[in-house]
Amino acid sequence: MARIAVSQIGVTESEKNYILADDGETKQGITRYGQWYGNPHGDWSAMFAAFCLHYADVPQDAIPWSPGVYNMMQLCADKEILSQPDDHVGMNGNILFLDTDGNGNVDKMLIVNALEERVSEDGMITAVGGDWDNAVAEVKIAKVDPRIIGYIPTA
């Protein structure tokens with residue numbers, strides 16, 4: 001799954017084919033992940049993760065999909081596959097749930113593709129996420145970052 005996510009780095013949402021959000025100003029460009037999921041202009045962090053799960057042949061009964069990050073996390077919690085941050089959070093292929101705006105609700109997902117151990121033992125996680133500044137991007141985050149709300153172990 002991590003290889004699929006990495007292969008998508010640099011894919012962006014359309015700047016020409018968009019709708020305006022409820023605020024009347026924010027552009028929501030069409031994405032291949034939204035089109036694939038059936039919600040072409042929606043927030044696509046979770047749809048990107050679902051796309052990667054699908055093409056990695058991970059069945060929905062193993063990891064349930066949703067077009068929304070919070071809902072996907074809840075589905076995984078209900079299935080009892082959601083783990084709290086621990087020493088294994090940065091394992092290759094794991095899916096991380098993040099609260100990037102500090103409001104207490106998850107709003108982004110990342111797929112871990114590497115863990116760099118540091119002398120301090122904190123380590124940095126390298127992961128790939130969709131809908132990061134309207135693109136699929138590689139993100140580095142500390143293994144102990146308090147924005148990590150939980151994760152799904154995939155190995």
# chains A, B, ... in the order shown; residues from 1 in each chain; ligands from 1
>>> select_by_dssp(residues="chain A", states="strand (DSSP E)", output="ChimeraX atom specification")
/A:18-20,27-29,95-98,108-116,124-132,135-142,148-152
>>> closest_atom_pairs(of="stretch 25-102 of chain A", to="stretch 124-136 of chain A", cutoff="8 Å", atoms="only C-alpha atoms", output="Markdown table")
| residue | atom | partner | partner_atom | distance |
| --- | --- | --- | --- | --- |
| A:Asp43 | CA | A:Asp131 | CA | 7.0 |
| A:Trp44 | CA | A:Asp131 | CA | 5.6 |
| A:Ser45 | CA | A:Gly130 | CA | 4.6 |
| A:Ala46 | CA | A:Gly130 | CA | 7.7 |
| A:Phe48 | CA | A:Gly130 | CA | 5.4 |
| A:Ala49 | CA | A:Gly130 | CA | 7.5 |
| A:Gly90 | CA | A:Ile125 | CA | 5.6 |
>>> closest_residue(among="A:Asp99, A:Met1, A:Tyr18, A:Ala142", to="A:Val58", atoms="only C-alpha atoms")
A:Met1
>>> atom_distance(atom1="atom CA of A:Ile4", atom2="atom CA of A:Asn17")
25.0 Å
>>> atom_distance(atom1="atom CA of A:Pro64", atom2="atom CA of A:Ile30")
23.6 Å
>>> residues_around(residues="stretch 81-88 of chain A", least_positions_apart="5", cutoff="8 Å", atoms="only C-alpha atoms", output="list in words")
Ile63, Met73, Cys76, Lys143, Val144, Ile148, Ile149, Gly150, Tyr151, Ile152 and Pro153 of chain A
>>> atom_distance(atom1="atom CA of A:Asn105", atom2="atom CA of A:Tyr37")
22.7 Å
>>> select_by_dssp(residues="stretch 16-86 of chain A", states="alpha helix (DSSP H)", output="PyMOL selection string")
chain A and resi 32-37+45-55+69-78
>>> write_last_selection(atoms="N, CA and C atoms", output="mmCIF file, in the first residue's frame")
data_model
loop_
_atom_site.group_PDB
_atom_site.id
_atom_site.type_symbol
_atom_site.label_atom_id
_atom_site.label_comp_id
_atom_site.auth_asym_id
_atom_site.auth_seq_id
_atom_site.Cartn_x
_atom_site.Cartn_y
_atom_site.Cartn_z
ATOM 1 N N ARG A 32 -8.824 12.771 -9.120
ATOM 2 C CA ARG A 32 -8.986 11.395 -9.604
ATOM 3 C C ARG A 32 -9.510 10.500 -8.494
ATOM 4 N N TYR A 33 -9.182 10.794 -7.238
ATOM 5 C CA TYR A 33 -9.599 9.978 -6.102
ATOM 6 C C TYR A 33 -11.080 10.199 -5.798
ATOM 7 N N GLY A 34 -11.501 11.446 -5.889
ATOM 8 C CA GLY A 34 -12.918 11.754 -5.720
ATOM 9 C C GLY A 34 -13.753 11.178 -6.843
ATOM 10 N N GLN A 35 -13.248 11.273 -8.075
ATOM 11 C CA GLN A 35 -13.961 10.674 -9.205
ATOM 12 C C GLN A 35 -14.075 9.167 -9.011
ATOM 13 N N TRP A 36 -12.992 8.533 -8.618
ATOM 14 C CA TRP A 36 -12.992 7.091 -8.389
ATOM 15 C C TRP A 36 -13.998 6.721 -7.295
ATOM 16 N N TYR A 37 -14.057 7.548 -6.227
ATOM 17 C CA TYR A 37 -14.934 7.238 -5.097
ATOM 18 C C TYR A 37 -16.386 7.641 -5.353
ATOM 19 N N SER A 45 -8.803 13.405 1.507
ATOM 20 C CA SER A 45 -7.789 12.720 2.305
ATOM 21 C C SER A 45 -8.167 11.244 2.500
ATOM 22 N N ALA A 46 -9.390 10.987 2.927
ATOM 23 C CA ALA A 46 -9.840 9.605 3.142
ATOM 24 C C ALA A 46 -10.051 8.873 1.820
ATOM 25 N N MET A 47 -10.511 9.590 0.795
ATOM 26 C CA MET A 47 -10.714 8.944 -0.501
ATOM 27 C C MET A 47 -9.378 8.513 -1.102
ATOM 28 N N PHE A 48 -8.320 9.286 -0.867
ATOM 29 C CA PHE A 48 -6.987 8.880 -1.304
ATOM 30 C C PHE A 48 -6.571 7.594 -0.593
ATOM 31 N N ALA A 49 -6.773 7.527 0.720
ATOM 32 C CA ALA A 49 -6.425 6.318 1.475
ATOM 33 C C ALA A 49 -7.231 5.122 0.978
ATOM 34 N N ALA A 50 -8.530 5.324 0.711
ATOM 35 C CA ALA A 50 -9.372 4.236 0.192
ATOM 36 C C ALA A 50 -8.872 3.768 -1.175
ATOM 37 N N PHE A 51 -8.466 4.711 -2.014
ATOM 38 C CA PHE A 51 -7.896 4.393 -3.325
ATOM 39 C C PHE A 51 -6.681 3.486 -3.157
ATOM 40 N N CYS A 52 -5.776 3.849 -2.245
ATOM 41 C CA CYS A 52 -4.577 3.045 -2.001
ATOM 42 C C CYS A 52 -4.939 1.669 -1.439
ATOM 43 N N LEU A 53 -5.890 1.617 -0.523
ATOM 44 C CA LEU A 53 -6.341 0.332 0.014
ATOM 45 C C LEU A 53 -6.902 -0.550 -1.095
ATOM 46 N N HIS A 54 -7.718 0.037 -1.953
ATOM 47 C CA HIS A 54 -8.327 -0.708 -3.053
ATOM 48 C C HIS A 54 -7.267 -1.310 -3.975
ATOM 49 N N TYR A 55 -6.327 -0.487 -4.419
ATOM 50 C CA TYR A 55 -5.314 -0.971 -5.353
ATOM 51 C C TYR A 55 -4.255 -1.852 -4.701
ATOM 52 N N VAL A 69 -12.714 11.384 6.716
ATOM 53 C CA VAL A 69 -11.662 10.931 7.632
ATOM 54 C C VAL A 69 -12.251 10.510 8.983
ATOM 55 N N TYR A 70 -13.060 11.385 9.595
ATOM 56 C CA TYR A 70 -13.616 11.071 10.910
ATOM 57 C C TYR A 70 -14.472 9.810 10.855
ATOM 58 N N ASN A 71 -15.304 9.704 9.840
ATOM 59 C CA ASN A 71 -16.164 8.536 9.724
ATOM 60 C C ASN A 71 -15.337 7.260 9.520
ATOM 61 N N MET A 72 -14.292 7.347 8.722
ATOM 62 C CA MET A 72 -13.445 6.171 8.510
ATOM 63 C C MET A 72 -12.775 5.755 9.816
ATOM 64 N N MET A 73 -12.321 6.732 10.597
ATOM 65 C CA MET A 73 -11.728 6.407 11.887
ATOM 66 C C MET A 73 -12.754 5.731 12.802
ATOM 67 N N GLN A 74 -13.991 6.238 12.806
ATOM 68 C CA GLN A 74 -15.036 5.642 13.640
ATOM 69 C C GLN A 74 -15.356 4.209 13.199
ATOM 70 N N LEU A 75 -15.419 3.979 11.888
ATOM 71 C CA LEU A 75 -15.656 2.632 11.379
ATOM 72 C C LEU A 75 -14.561 1.674 11.830
ATOM 73 N N CYS A 76 -13.330 2.151 11.808
ATOM 74 C CA CYS A 76 -12.204 1.317 12.241
ATOM 75 C C CYS A 76 -12.231 1.097 13.753
ATOM 76 N N ALA A 77 -12.642 2.108 14.511
ATOM 77 C CA ALA A 77 -12.779 1.958 15.959
ATOM 78 C C ALA A 77 -13.876 0.941 16.269
ATOM 79 N N ASP A 78 -14.999 1.025 15.557
ATOM 80 C CA ASP A 78 -16.096 0.074 15.763
ATOM 81 C C ASP A 78 -15.658 -1.354 15.456
#
>>> residues_around(residues="A:Thr100", least_positions_apart="6", cutoff="9 Å", atoms="only C-alpha atoms", output="number ranges by chain")
A: 106-108, 147-148
